[in-house]
Amino acid sequence: MNYTWLLRMARWARRPPSMTQVKIVAVVALAVIAIVVIEKLGYWPDWATVNPHALRAPRP
């Protein structure tokens, strides 16, 4: 762990985030978990799935 992270943790310990920020982070985390679970169960629509082969540059 480097010095920058130690300074960030000390600043966070002195001034913790507000309850609103904690709620926002919790809602975002729950949304991400819900999307992952829906995708793993097979209920994610095909139109919302990224095609990884289309992102690669064609080889000459």
# chains A, B, ... in the order shown; residues from 1 in each chain; ligands from 1
>>> residues_around(residues="Ile35 (chain A)", least_positions_apart="5", cutoff="12 Å", atoms="only C-alpha atoms", output="PyMOL selection string")
chain A and resi 28-30+40-45+48-49
>>> select_by_dssp(residues="chain A", states="alpha helix (DSSP H)", output="ChimeraX atom specification")
/A:3-14,19-41
>>> atom_distance(atom1="CA of Val36 (chain A)", atom2="CA of Val22 (chain A)")
21.3 Å
>>> decode(residues="region 40-54 of chain A", atoms="all heavy atoms", output="mmCIF file, in the first residue's frame")
data_model
loop_
_atom_site.group_PDB
_atom_site.id
_atom_site.type_symbol
_atom_site.label_atom_id
_atom_site.label_comp_id
_atom_site.auth_asym_id
_atom_site.auth_seq_id
_atom_site.Cartn_x
_atom_site.Cartn_y
_atom_site.Cartn_z
ATOM 1 N N LYS A 40 -26.697 -14.016 -15.744
ATOM 2 C CA LYS A 40 -26.286 -15.397 -15.492
ATOM 3 C C LYS A 40 -27.461 -16.368 -15.563
ATOM 4 O O LYS A 40 -27.292 -17.526 -15.938
ATOM 5 C CB LYS A 40 -25.611 -15.520 -14.124
ATOM 6 C CG LYS A 40 -24.296 -14.798 -14.026
ATOM 7 C CD LYS A 40 -23.274 -15.415 -14.949
ATOM 8 C CE LYS A 40 -21.950 -14.692 -14.800
ATOM 9 N NZ LYS A 40 -20.950 -15.161 -15.733
ATOM 10 N N LEU A 41 -28.669 -15.902 -15.208
ATOM 11 C CA LEU A 41 -29.849 -16.762 -15.282
ATOM 12 C C LEU A 41 -30.383 -16.908 -16.707
ATOM 13 O O LEU A 41 -31.238 -17.746 -16.965
ATOM 14 C CB LEU A 41 -30.952 -16.216 -14.370
ATOM 15 C CG LEU A 41 -30.677 -16.329 -12.868
ATOM 16 C CD1 LEU A 41 -31.794 -15.652 -12.087
ATOM 17 C CD2 LEU A 41 -30.543 -17.777 -12.450
ATOM 18 N N GLY A 42 -29.892 -16.081 -17.626
ATOM 19 C CA GLY A 42 -30.294 -16.191 -19.020
ATOM 20 C C GLY A 42 -31.463 -15.305 -19.402
ATOM 21 O O GLY A 42 -32.022 -15.455 -20.488
ATOM 22 N N TYR A 43 -31.840 -14.383 -18.556
ATOM 23 C CA TYR A 43 -32.970 -13.504 -18.854
ATOM 24 C C TYR A 43 -32.551 -12.188 -19.485
ATOM 25 O O TYR A 43 -33.391 -11.343 -19.764
ATOM 26 C CB TYR A 43 -33.767 -13.200 -17.575
ATOM 27 C CG TYR A 43 -34.445 -14.422 -17.005
ATOM 28 C CD1 TYR A 43 -34.123 -14.884 -15.734
ATOM 29 C CD2 TYR A 43 -35.387 -15.125 -17.736
ATOM 30 C CE1 TYR A 43 -34.732 -15.996 -15.210
ATOM 31 C CE2 TYR A 43 -35.998 -16.243 -17.218
ATOM 32 C CZ TYR A 43 -35.670 -16.669 -15.952
ATOM 33 O OH TYR A 43 -36.273 -17.778 -15.438
ATOM 34 N N TRP A 44 -31.271 -11.971 -19.701
ATOM 35 C CA TRP A 44 -30.787 -10.738 -20.304
ATOM 36 C C TRP A 44 -31.092 -10.770 -21.803
ATOM 37 O O TRP A 44 -30.807 -11.745 -22.486
ATOM 38 C CB TRP A 44 -29.281 -10.611 -20.076
ATOM 39 C CG TRP A 44 -28.744 -9.261 -20.386
ATOM 40 C CD1 TRP A 44 -28.009 -8.924 -21.469
ATOM 41 C CD2 TRP A 44 -28.900 -8.077 -19.621
ATOM 42 N NE1 TRP A 44 -27.682 -7.616 -21.425
ATOM 43 C CE2 TRP A 44 -28.222 -7.057 -20.309
ATOM 44 C CE3 TRP A 44 -29.541 -7.769 -18.436
ATOM 45 C CZ2 TRP A 44 -28.174 -5.751 -19.833
ATOM 46 C CZ3 TRP A 44 -29.489 -6.476 -17.967
ATOM 47 C CH2 TRP A 44 -28.823 -5.489 -18.660
ATOM 48 N N PRO A 45 -31.677 -9.701 -22.366
ATOM 49 C CA PRO A 45 -32.037 -9.714 -23.794
ATOM 50 C C PRO A 45 -30.796 -9.727 -24.697
ATOM 51 O O PRO A 45 -29.757 -9.173 -24.346
ATOM 52 C CB PRO A 45 -32.834 -8.431 -23.979
ATOM 53 C CG PRO A 45 -32.451 -7.560 -22.841
ATOM 54 C CD PRO A 45 -32.067 -8.448 -21.720
ATOM 55 N N ASP A 46 -30.949 -10.357 -25.847
ATOM 56 C CA ASP A 46 -29.828 -10.459 -26.781
ATOM 57 C C ASP A 46 -29.417 -9.099 -27.337
ATOM 58 O O ASP A 46 -28.244 -8.874 -27.614
ATOM 59 C CB ASP A 46 -30.187 -11.386 -27.939
ATOM 60 C CG ASP A 46 -30.231 -12.835 -27.509
ATOM 61 O OD1 ASP A 46 -29.571 -13.158 -26.493
ATOM 62 O OD2 ASP A 46 -30.928 -13.627 -28.162
ATOM 63 N N TRP A 47 -30.362 -8.184 -27.498
ATOM 64 C CA TRP A 47 -30.020 -6.879 -28.061
ATOM 65 C C TRP A 47 -29.160 -6.057 -27.107
ATOM 66 O O TRP A 47 -28.485 -5.127 -27.536
ATOM 67 C CB TRP A 47 -31.275 -6.085 -28.429
ATOM 68 C CG TRP A 47 -32.192 -5.806 -27.276
ATOM 69 C CD1 TRP A 47 -33.269 -6.529 -26.891
ATOM 70 C CD2 TRP A 47 -32.092 -4.731 -26.342
ATOM 71 N NE1 TRP A 47 -33.852 -5.975 -25.781
ATOM 72 C CE2 TRP A 47 -33.154 -4.867 -25.425
ATOM 73 C CE3 TRP A 47 -31.227 -3.651 -26.199
ATOM 74 C CZ2 TRP A 47 -33.350 -3.976 -24.368
ATOM 75 C CZ3 TRP A 47 -31.436 -2.775 -25.150
ATOM 76 C CH2 TRP A 47 -32.483 -2.943 -24.257
ATOM 77 N N ALA A 48 -29.133 -6.399 -25.833
ATOM 78 C CA ALA A 48 -28.338 -5.653 -24.857
ATOM 79 C C ALA A 48 -26.979 -6.295 -24.599
ATOM 80 O O ALA A 48 -26.209 -5.799 -23.790
ATOM 81 C CB ALA A 48 -29.108 -5.542 -23.545
ATOM 82 N N THR A 49 -26.659 -7.373 -25.304
ATOM 83 C CA THR A 49 -25.389 -8.073 -25.126
ATOM 84 C C THR A 49 -24.378 -7.545 -26.126
ATOM 85 O O THR A 49 -24.676 -7.374 -27.305
ATOM 86 C CB THR A 49 -25.580 -9.585 -25.332
ATOM 87 O OG1 THR A 49 -26.581 -10.025 -24.419
ATOM 88 C CG2 THR A 49 -24.304 -10.340 -25.079
ATOM 89 N N VAL A 50 -23.162 -7.280 -25.654
ATOM 90 C CA VAL A 50 -22.103 -6.778 -26.518
ATOM 91 C C VAL A 50 -21.450 -7.956 -27.221
ATOM 92 O O VAL A 50 -21.170 -8.985 -26.621
ATOM 93 C CB VAL A 50 -21.052 -6.017 -25.680
ATOM 94 C CG1 VAL A 50 -19.898 -5.558 -26.555
ATOM 95 C CG2 VAL A 50 -21.694 -4.842 -24.992
ATOM 96 N N ASN A 51 -21.215 -7.789 -28.517
ATOM 97 C CA ASN A 51 -20.526 -8.801 -29.293
ATOM 98 C C ASN A 51 -19.026 -8.531 -29.208
ATOM 99 O O ASN A 51 -18.537 -7.577 -29.801
ATOM 100 C CB ASN A 51 -20.992 -8.758 -30.752
ATOM 101 C CG ASN A 51 -20.399 -9.876 -31.566
ATOM 102 O OD1 ASN A 51 -19.646 -10.694 -31.046
ATOM 103 N ND2 ASN A 51 -20.728 -9.911 -32.844
ATOM 104 N N PRO A 52 -18.266 -9.340 -28.477
ATOM 105 C CA PRO A 52 -16.842 -9.044 -28.299
ATOM 106 C C PRO A 52 -16.031 -9.137 -29.597
ATOM 107 O O PRO A 52 -14.996 -8.524 -29.730
ATOM 108 C CB PRO A 52 -16.362 -10.089 -27.291
ATOM 109 C CG PRO A 52 -17.363 -11.176 -27.359
ATOM 110 C CD PRO A 52 -18.658 -10.557 -27.785
ATOM 111 N N HIS A 53 -16.502 -9.888 -30.563
ATOM 112 C CA HIS A 53 -15.768 -10.012 -31.821
ATOM 113 C C HIS A 53 -15.873 -8.758 -32.666
ATOM 114 O O HIS A 53 -15.002 -8.477 -33.457
ATOM 115 C CB HIS A 53 -16.274 -11.222 -32.618
ATOM 116 C CG HIS A 53 -16.107 -12.505 -31.878
ATOM 117 N ND1 HIS A 53 -14.873 -13.050 -31.592
ATOM 118 C CD2 HIS A 53 -17.007 -13.347 -31.312
ATOM 119 C CE1 HIS A 53 -15.026 -14.162 -30.928
ATOM 120 N NE2 HIS A 53 -16.319 -14.369 -30.733
ATOM 121 N N ALA A 54 -16.926 -7.991 -32.503
ATOM 122 C CA ALA A 54 -17.092 -6.769 -33.287
ATOM 123 C C ALA A 54 -16.178 -5.649 -32.794
ATOM 124 O O ALA A 54 -15.928 -4.701 -33.520
ATOM 125 C CB ALA A 54 -18.548 -6.306 -33.223
#
